[in-house]
file input.cif (mmCIF, C-alpha atoms)
data_final
loop_
_atom_site.label_atom_id
_atom_site.label_comp_id
_atom_site.auth_asym_id
_atom_site.auth_seq_id
_atom_site.Cartn_x
_atom_site.Cartn_y
_atom_site.Cartn_z
CA MET F 6 64.91 113.42 119.71
CA VAL F 7 65.61 115.23 122.98
CA VAL F 8 68.71 117.42 123.48
CA TRP F 9 69.82 118.27 127.01
CA ALA F 10 71.73 121.53 127.52
CA ARG F 11 73.45 122.61 130.73
CA SER F 12 72.06 126.17 130.71
CA GLU F 13 69.33 128.28 129.17
CA ARG F 14 71.94 130.03 127.03
CA SER F 15 73.23 126.70 125.71
CA ALA F 16 69.65 125.61 125.13
CA GLU F 17 69.00 128.68 123.00
CA ARG F 18 72.08 127.98 120.88
CA ALA F 19 71.10 124.32 120.49
CA GLY F 20 67.57 125.27 119.53
CA ASP F 21 68.92 127.45 116.73
CA ARG F 22 71.20 124.73 115.36
CA VAL F 23 69.41 121.40 115.91
CA GLU F 24 66.33 120.66 113.82
CA ASP F 25 63.48 118.37 114.83
CA ALA F 26 64.58 118.17 118.46
CA ARG F 27 63.16 119.16 121.81
CA VAL F 28 65.79 121.06 123.80
CA VAL F 29 65.60 120.77 127.60
CA THR F 30 67.70 121.84 130.58
CA GLU F 31 66.59 119.15 133.07
CA LEU F 32 68.13 115.67 132.90
CA ALA F 33 64.84 114.21 134.11
CA GLU F 34 63.44 115.04 130.67
CA LEU F 35 65.58 112.18 129.29
CA ALA F 36 63.78 109.59 131.43
CA GLU F 37 61.97 107.96 128.51
CA CYS F 38 64.97 107.80 126.14
CA ASP F 39 66.21 104.41 124.93
CA VAL F 40 69.68 105.69 123.98
CA VAL F 41 71.47 108.70 125.48
CA VAL F 42 74.61 110.07 123.80
CA GLU F 43 76.85 112.07 126.15
CA ALA F 44 79.00 114.84 124.66
CA VAL F 45 80.22 116.82 127.69
CA ALA F 46 83.83 117.89 128.34
CA GLU F 47 86.60 115.35 127.66
CA ASP F 48 87.16 114.82 131.38
CA ALA F 49 86.55 111.51 133.15
CA GLU F 50 85.28 113.17 136.34
CA VAL F 51 82.84 115.41 134.47
CA LYS F 52 81.55 112.46 132.47
CA GLY F 53 81.31 110.29 135.59
CA ASP F 54 79.16 112.90 137.32
CA ILE F 55 76.79 112.99 134.34
CA TYR F 56 76.55 109.18 134.34
CA ARG F 57 75.71 109.18 138.05
CA ARG F 58 72.94 111.71 137.46
CA LEU F 59 71.67 109.84 134.41
CA GLY F 60 71.56 106.64 136.44
CA GLU F 61 68.99 108.27 138.72
CA VAL F 62 66.56 109.03 135.88
CA LEU F 63 67.10 106.53 133.05
CA PRO F 64 65.35 103.16 132.89
CA ALA F 65 67.57 100.16 133.56
CA GLU F 66 67.46 99.04 129.92
CA ALA F 67 68.60 102.38 128.47
CA VAL F 68 71.95 102.50 126.63
CA ILE F 69 74.49 105.26 127.31
CA ALA F 70 77.04 106.23 124.66
CA THR F 71 79.98 108.61 124.96
CA THR F 72 81.56 110.68 122.19
CA THR F 73 85.04 110.40 123.71
CA SER F 74 87.99 109.81 121.40
CA SER F 75 90.76 109.65 124.00
CA LEU F 76 89.47 108.30 127.33
CA SER F 77 89.30 104.62 128.23
CA VAL F 78 85.93 103.19 127.20
CA ALA F 79 86.28 100.43 129.80
CA GLU F 80 86.82 102.95 132.59
CA LEU F 81 83.93 105.16 131.45
CA ALA F 82 81.72 102.09 131.14
CA ALA F 83 82.51 101.13 134.73
CA ALA F 84 81.78 104.69 135.88
CA SER F 85 78.39 104.56 134.16
CA GLY F 86 77.22 101.76 136.44
CA ARG F 87 75.89 99.88 133.41
CA PRO F 88 78.96 98.64 131.46
CA GLU F 89 76.87 96.04 129.65
CA ARG F 90 74.74 98.85 128.19
CA PHE F 91 77.51 101.36 127.41
CA GLY F 92 79.59 102.19 124.34
CA ALA F 93 81.64 104.88 122.60
CA LEU F 94 80.15 106.57 119.55
CA HIS F 95 82.82 108.82 118.09
CA VAL F 96 81.59 111.13 115.32
CA PHE F 97 83.72 113.45 113.18
CA ASN F 98 83.45 117.13 112.31
CA PRO F 99 81.80 118.50 110.32
CA VAL F 100 79.19 115.96 111.44
CA GLU F 101 76.81 116.72 108.58
CA LYS F 102 79.48 115.77 106.03
CA MET F 103 81.57 113.05 107.68
CA LYS F 104 80.07 109.58 107.29
CA LEU F 105 82.25 107.64 109.73
CA VAL F 106 81.38 106.75 113.31
CA GLU F 107 83.92 104.79 115.35
CA LEU F 108 82.19 102.44 117.79
CA SER F 109 84.03 100.94 120.75
CA PHE F 110 82.86 98.87 123.70
CA ALA F 111 83.98 97.48 127.02
CA ALA F 112 84.13 93.70 127.29
CA GLU F 113 80.85 93.65 129.23
CA ALA F 114 78.81 95.22 126.43
CA THR F 115 76.01 92.94 125.27
CA ASP F 116 75.14 92.07 121.70
CA ALA F 117 71.94 94.06 122.15
CA THR F 118 73.94 97.16 123.10
CA ARG F 119 76.21 96.82 120.10
CA ALA F 120 73.19 96.34 117.84
CA ALA F 121 71.40 99.36 119.31
CA LEU F 122 74.32 101.71 118.58
CA ARG F 123 74.80 100.28 115.09
CA GLU F 124 71.11 100.85 114.41
CA LEU F 125 71.41 104.45 115.66
CA CYS F 126 74.31 105.03 113.24
CA LYS F 127 72.23 103.57 110.43
CA ARG F 128 69.33 105.88 111.26
CA LEU F 129 71.74 108.81 111.20
CA ASP F 130 72.96 107.70 107.77
CA LYS F 131 76.46 107.02 109.09
CA THR F 132 78.91 104.19 108.48
CA ALA F 133 79.84 102.48 111.73
CA VAL F 134 83.14 100.67 112.26
CA GLU F 135 83.87 98.88 115.53
CA VAL F 136 87.39 99.74 116.73
CA PRO F 137 89.62 98.74 119.68
CA ASP F 138 89.37 100.52 123.02
CA ALA F 139 92.64 102.45 122.58
CA ALA F 140 93.26 106.19 123.01
CA GLY F 141 92.49 107.91 119.72
CA PHE F 142 90.78 104.77 118.36
CA VAL F 143 91.90 104.36 114.71
CA VAL F 144 91.53 107.72 112.99
CA ASN F 145 93.07 110.04 115.58
CA ARG F 146 95.79 107.55 116.49
CA LEU F 147 96.97 107.50 112.87
CA LEU F 148 96.02 111.05 111.91
CA PHE F 149 97.67 113.21 114.57
CA PRO F 150 101.26 111.95 114.19
CA TYR F 151 100.89 112.85 110.48
CA LEU F 152 99.50 116.31 111.31
CA PHE F 153 102.31 116.95 113.77
CA ASP F 154 104.91 115.84 111.21
CA ALA F 155 103.56 118.54 108.89
CA VAL F 156 104.17 121.11 111.65
CA ARG F 157 107.74 119.84 112.11
CA MET F 158 108.34 120.15 108.37
CA LEU F 159 107.19 123.76 108.62
CA GLU F 160 109.54 124.32 111.57
CA ARG F 161 112.60 122.89 109.84
CA ASN F 162 112.23 124.11 106.27
CA SER F 163 111.66 127.33 104.36
CA ILE F 164 108.22 126.31 103.17
CA GLN F 165 104.85 127.98 103.69
CA PRO F 166 101.73 126.38 105.21
CA GLU F 167 99.78 126.69 101.96
CA GLU F 168 102.58 124.91 100.08
CA ILE F 169 102.51 121.92 102.43
CA ASP F 170 98.73 121.81 102.24
CA THR F 171 98.69 122.06 98.45
CA CYS F 172 101.16 119.17 98.20
CA MET F 173 98.98 116.90 100.34
CA LYS F 174 95.74 117.90 98.64
CA LEU F 175 96.99 117.45 95.10
CA GLY F 176 99.58 114.74 95.71
CA ALA F 177 97.73 112.55 98.19
CA GLY F 178 94.13 113.41 97.30
CA HIS F 179 93.33 114.80 100.74
CA PRO F 180 90.32 117.17 100.84
CA MET F 181 92.14 119.47 103.28
CA GLY F 182 95.83 119.99 103.97
CA PRO F 183 97.25 119.05 107.41
CA LEU F 184 97.85 122.61 108.65
CA ALA F 185 94.44 123.85 107.54
CA LEU F 186 92.96 120.78 109.22
CA LEU F 187 94.74 121.57 112.49
CA ASP F 188 93.27 125.08 112.35
CA PHE F 189 89.84 123.59 111.71
CA ILE F 190 90.12 121.17 114.65
CA GLY F 191 91.50 123.85 117.00
CA LEU F 192 95.18 123.85 117.99
CA ASP F 193 94.39 123.48 121.69
CA VAL F 194 92.13 120.51 120.98
CA ALA F 195 94.79 119.00 118.70
CA ALA F 196 97.44 119.31 121.42
CA ALA F 197 95.13 117.66 123.97
CA ILE F 198 94.42 114.76 121.60
CA GLY F 199 98.13 114.41 120.85
CA GLU F 200 98.94 114.18 124.54
CA SER F 201 96.19 111.63 125.10
CA ILE F 202 97.59 109.26 122.45
CA GLY F 203 101.23 109.78 123.46
CA ALA F 204 102.24 111.77 120.36
CA GLU F 205 104.89 114.48 120.82
CA VAL F 206 103.32 117.90 120.31
CA PRO F 207 105.58 120.17 118.19
CA PRO F 208 106.98 123.37 119.81
CA ARG F 209 105.51 125.53 117.02
CA LEU F 210 102.03 124.29 117.90
CA ARG F 211 102.49 125.10 121.58
CA GLU F 212 103.83 128.57 120.71
CA LEU F 213 100.72 129.38 118.69
CA ILE F 214 98.50 128.16 121.53
CA GLU F 215 100.35 130.38 124.02
CA GLN F 216 99.76 133.33 121.68
CA GLY F 217 96.04 132.60 121.65
CA LYS F 218 96.18 131.56 117.99
CA LEU F 219 93.97 128.50 118.25
CA GLY F 220 92.90 128.25 114.62
CA ARG F 221 89.66 129.17 112.87
CA LYS F 222 87.69 129.71 116.09
CA ALA F 223 90.20 132.35 117.22
CA GLY F 224 90.68 134.00 113.83
CA ALA F 225 94.30 132.90 113.53
CA GLY F 226 96.44 129.78 113.67
CA PHE F 227 98.70 128.62 110.89
CA TYR F 228 96.51 130.88 108.73
CA GLU F 229 94.71 134.17 109.31
CA TYR F 230 90.90 134.06 109.16
#
call {"tool": "encode", "arguments": {"input": "input.cif", "output": "structure tokens"}}
result
Amino acid sequence: MVVWARSERSAERAGDRVEDARVVTELAELAECDVVVEAVAEDAEVKGDIYRRLGEVLPAEAVIATTTSSLSVAELAAASGRPERFGALHVFNPVEKMKLVELSFAAEATDATRAALRELCKRLDKTAVEVPDAAGFVVNRLLFPYLFDAVRMLERNSIQPEEIDTCMKLGAGHPMGPLALLDFIGLDVAAAIGESIGAEVPPRLRELIEQGKLGRKAGAGFYEY
């Protein structure tokens, strides 16, 4: 496995975290790869630039996959210049624990492309489910309205975050309560996903973001860390 990093600093971090991989900083080092999984910023222009550069070094038969969860797979596939050999491969955090991968394809994707990405998921010991090309796919499209409803309940009632989370863990069998999950995801990331799927982002969430309380990564969100 080859991992491309944008900078030497990123390469050092990747080298410390990714086992059994060769970490490189030149895209040309990916020239012999059969499948390339792109995980750059959730921005169509940024992704399109990477696809253009990959197109200059990858063999014609190589498959490109994106980890997007909110952008149009059809539009990204067109930007890749190889829509028949392009797909979305959406993994979930923490990756080492979450078994699901949502796969999505543009209409042009060949059976060979679909099979290649399913085989990759199998090799990664993941369960692949093919889902429609819709913002948020299945999980995020259903999950984030629920998470935001938990924030609205907090806004409107004299109840504490840990009480809401305890109710959902013990009453619904969820491994993590909705407010703790938002902190884990990152409140800024959650707001961006909500906007991408057309879900109304609660005022309390935006207030915390403005205060720099982005969740676990910032040391504070709905909880203190």
call {"tool": "resolve_selection", "arguments": {"input": "input.cif", "expression": "the PyMOL selection byres ((chain F and resi 29) around 7)", "output": "PDB file with C-alpha atoms, in the frame of the given file"}}
result
ATOM      1  CA  VAL F   8      68.710 117.420 123.480  1.00  0.00           C
ATOM      2  CA  TRP F   9      69.820 118.270 127.010  1.00  0.00           C
ATOM      3  CA  ALA F  10      71.730 121.530 127.520  1.00  0.00           C
ATOM      4  CA  ALA F  16      69.650 125.610 125.130  1.00  0.00           C
ATOM      5  CA  ARG F  27      63.160 119.160 121.810  1.00  0.00           C
ATOM      6  CA  VAL F  28      65.790 121.060 123.800  1.00  0.00           C
ATOM      7  CA  THR F  30      67.700 121.840 130.580  1.00  0.00           C
ATOM      8  CA  GLU F  31      66.590 119.150 133.070  1.00  0.00           C
ATOM      9  CA  GLU F  34      63.440 115.040 130.670  1.00  0.00           C
TER      10      GLU F  34
END
call {"tool": "residues_around", "arguments": {"input": "input.cif", "residues": "region 88-94 of chain F", "least_positions_apart": "4", "cutoff": "10 Å", "atoms": "all atoms listed in the file", "output": "number ranges by chain"}}
result
F: 40-44, 65-74, 76-84, 106-119, 121-123, 125-126, 133-136, 138
call {"tool": "atom_distance", "arguments": {"input": "input.cif", "atom1": "CA of Gly141 (chain F)", "atom2": "CA of Gly226 (chain F)"}}
result
23.0 Å
call {"tool": "residues_around", "arguments": {"input": "input.cif", "residues": "region 57-62 of chain F", "least_positions_apart": "3", "cutoff": "8 Å", "atoms": "all atoms listed in the file", "output": "PDB file with C-alpha atoms, in the coordinates of the input"}}
result
ATOM      1  CA  LEU F  32      68.130 115.670 132.900  1.00  0.00           C
ATOM      2  CA  ALA F  33      64.840 114.210 134.110  1.00  0.00           C
ATOM      3  CA  LEU F  35      65.580 112.180 129.290  1.00  0.00           C
ATOM      4  CA  ALA F  36      63.780 109.590 131.430  1.00  0.00           C
ATOM      5  CA  GLY F  53      81.310 110.290 135.590  1.00  0.00           C
ATOM      6  CA  ASP F  54      79.160 112.900 137.320  1.00  0.00           C
ATOM      7  CA  ALA F  84      81.780 104.690 135.880  1.00  0.00           C
ATOM      8  CA  SER F  85      78.390 104.560 134.160  1.00  0.00           C
ATOM      9  CA  GLY F  86      77.220 101.760 136.440  1.00  0.00           C
TER      10      GLY F  86
END
call {"tool": "atom_distance", "arguments": {"input": "input.cif", "atom1": "CA of Glu215 (chain F)", "atom2": "CA of Pro180 (chain F)"}}
result
28.5 Å
call {"tool": "atom_distance", "arguments": {"input": "input.cif", "atom1": "CA of Arg221 (chain F)", "atom2": "CA of Leu186 (chain F)"}}
result
9.7 Å
call {"tool": "closest_residue", "arguments": {"input": "input.cif", "among": "F:Asp154, F:Leu175, F:Gly217, F:Phe149", "to": "Ala196 (chain F)", "atoms": "all atoms listed in the file"}}
result
F:Phe149
call {"tool": "resolve_selection", "arguments": {"input": "input.cif", "expression": "the PyMOL selection byres ((chain F and resi 181) around 12)", "output": "list in words"}}
result
Leu152, Pro166, Glu167, Ile169, Asp170, Thr171, Cys172, Met173, Lys174, Leu175, Gly176, Ala177, Gly178, His179, Pro180, Gly182, Pro183, Leu184, Ala185, Leu186, Leu187, Asp188, Phe189 and Ile190 of chain F
call {"tool": "write_last_selection", "arguments": {"input": "input.cif", "atoms": "C-alpha atoms", "output": "PDB file, in the coordinates of the input"}}
result
ATOM      1  CA  LEU F 152      99.500 116.310 111.310  1.00  0.00           C
ATOM      2  CA  PRO F 166     101.730 126.380 105.210  1.00  0.00           C
ATOM      3  CA  GLU F 167      99.780 126.690 101.960  1.00  0.00           C
ATOM      4  CA  ILE F 169     102.510 121.920 102.430  1.00  0.00           C
ATOM      5  CA  ASP F 170      98.730 121.810 102.240  1.00  0.00           C
ATOM      6  CA  THR F 171      98.690 122.060  98.450  1.00  0.00           C
ATOM      7  CA  CYS F 172     101.160 119.170  98.200  1.00  0.00           C
ATOM      8  CA  MET F 173      98.980 116.900 100.340  1.00  0.00           C
ATOM      9  CA  LYS F 174      95.740 117.900  98.640  1.00  0.00           C
ATOM     10  CA  LEU F 175      96.990 117.450  95.100  1.00  0.00           C
ATOM     11  CA  GLY F 176      99.580 114.740  95.710  1.00  0.00           C
ATOM     12  CA  ALA F 177      97.730 112.550  98.190  1.00  0.00           C
ATOM     13  CA  GLY F 178      94.130 113.410  97.300  1.00  0.00           C
ATOM     14  CA  HIS F 179      93.330 114.800 100.740  1.00  0.00           C
ATOM     15  CA  PRO F 180      90.320 117.170 100.840  1.00  0.00           C
ATOM     16  CA  GLY F 182      95.830 119.990 103.970  1.00  0.00           C
ATOM     17  CA  PRO F 183      97.250 119.050 107.410  1.00  0.00           C
ATOM     18  CA  LEU F 184      97.850 122.610 108.650  1.00  0.00           C
ATOM     19  CA  ALA F 185      94.440 123.850 107.540  1.00  0.00           C
ATOM     20  CA  LEU F 186      92.960 120.780 109.220  1.00  0.00           C
ATOM     21  CA  LEU F 187      94.740 121.570 112.490  1.00  0.00           C
ATOM     22  CA  ASP F 188      93.270 125.080 112.350  1.00  0.00           C
ATOM     23  CA  PHE F 189      89.840 123.590 111.710  1.00  0.00           C
ATOM     24  CA  ILE F 190      90.120 121.170 114.650  1.00  0.00           C
TER      25      ILE F 190
END
call {"tool": "resolve_selection", "arguments": {"input": "input.cif", "expression": "the PyMOL selection byres ((chain F and resi 203) around 12)", "output": "NGL selection string"}}
result
:F and (75 or 139-141 or 145-147 or 149-150 or 196-202 or 204-206)
call {"tool": "closest_residue", "arguments": {"input": "input.cif", "among": "F:Leu210, F:Leu192, F:Val144, F:Leu63", "to": "Arg157 (chain F)", "atoms": "only C-alpha atoms"}}
result
F:Leu210
call {"tool": "closest_residue", "arguments": {"input": "input.cif", "among": "F:Arg211, F:Pro64, F:Asp39, F:Glu17", "to": "Phe153 (chain F)", "atoms": "all atoms listed in the file"}}
result
F:Arg211
call {"tool": "residues_around", "arguments": {"input": "input.cif", "residues": "Lys218 (chain F)", "least_positions_apart": "4", "cutoff": "10 Å", "atoms": "only C-alpha atoms", "output": "PyMOL selection string"}}
result
chain F and resi 188+191-193+210-214+222-229
call {"tool": "decode", "arguments": {"input": "input.cif", "residues": "region 160-171 of chain F", "atoms": "N, CA and C atoms", "output": "compact mmCIF listing (two decimals), in the first residue's frame"}}
result
# COMPACT_ATOMS: atom_id res chain seq x y z
N GLU F 160 -31.85 22.55 23.89
CA GLU F 160 -32.15 23.98 23.85
C GLU F 160 -33.47 24.29 24.56
N ARG F 161 -34.43 23.42 24.41
CA ARG F 161 -35.81 23.73 24.82
C ARG F 161 -36.20 23.21 26.19
N ASN F 162 -35.35 22.36 26.78
CA ASN F 162 -35.73 21.72 28.03
C ASN F 162 -34.61 21.81 29.07
N SER F 163 -34.99 21.70 30.33
CA SER F 163 -34.01 21.73 31.41
C SER F 163 -33.46 20.32 31.63
N ILE F 164 -32.68 19.89 30.67
CA ILE F 164 -32.08 18.56 30.71
C ILE F 164 -30.61 18.70 30.32
N GLN F 165 -29.76 17.85 30.88
CA GLN F 165 -28.33 17.93 30.66
C GLN F 165 -27.89 17.01 29.51
N PRO F 166 -26.78 17.34 28.86
CA PRO F 166 -26.29 16.48 27.76
C PRO F 166 -26.14 15.02 28.16
N GLU F 167 -25.58 14.77 29.36
CA GLU F 167 -25.36 13.39 29.76
C GLU F 167 -26.67 12.64 29.99
N GLU F 168 -27.74 13.38 30.32
CA GLU F 168 -29.03 12.73 30.53
C GLU F 168 -29.64 12.29 29.19
N ILE F 169 -29.54 13.16 28.20
CA ILE F 169 -30.01 12.79 26.86
C ILE F 169 -29.21 11.60 26.34
N ASP F 170 -27.90 11.65 26.50
CA ASP F 170 -27.06 10.57 26.00
C ASP F 170 -27.32 9.26 26.72
N THR F 171 -27.53 9.32 28.02
CA THR F 171 -27.83 8.10 28.78
C THR F 171 -29.14 7.48 28.32
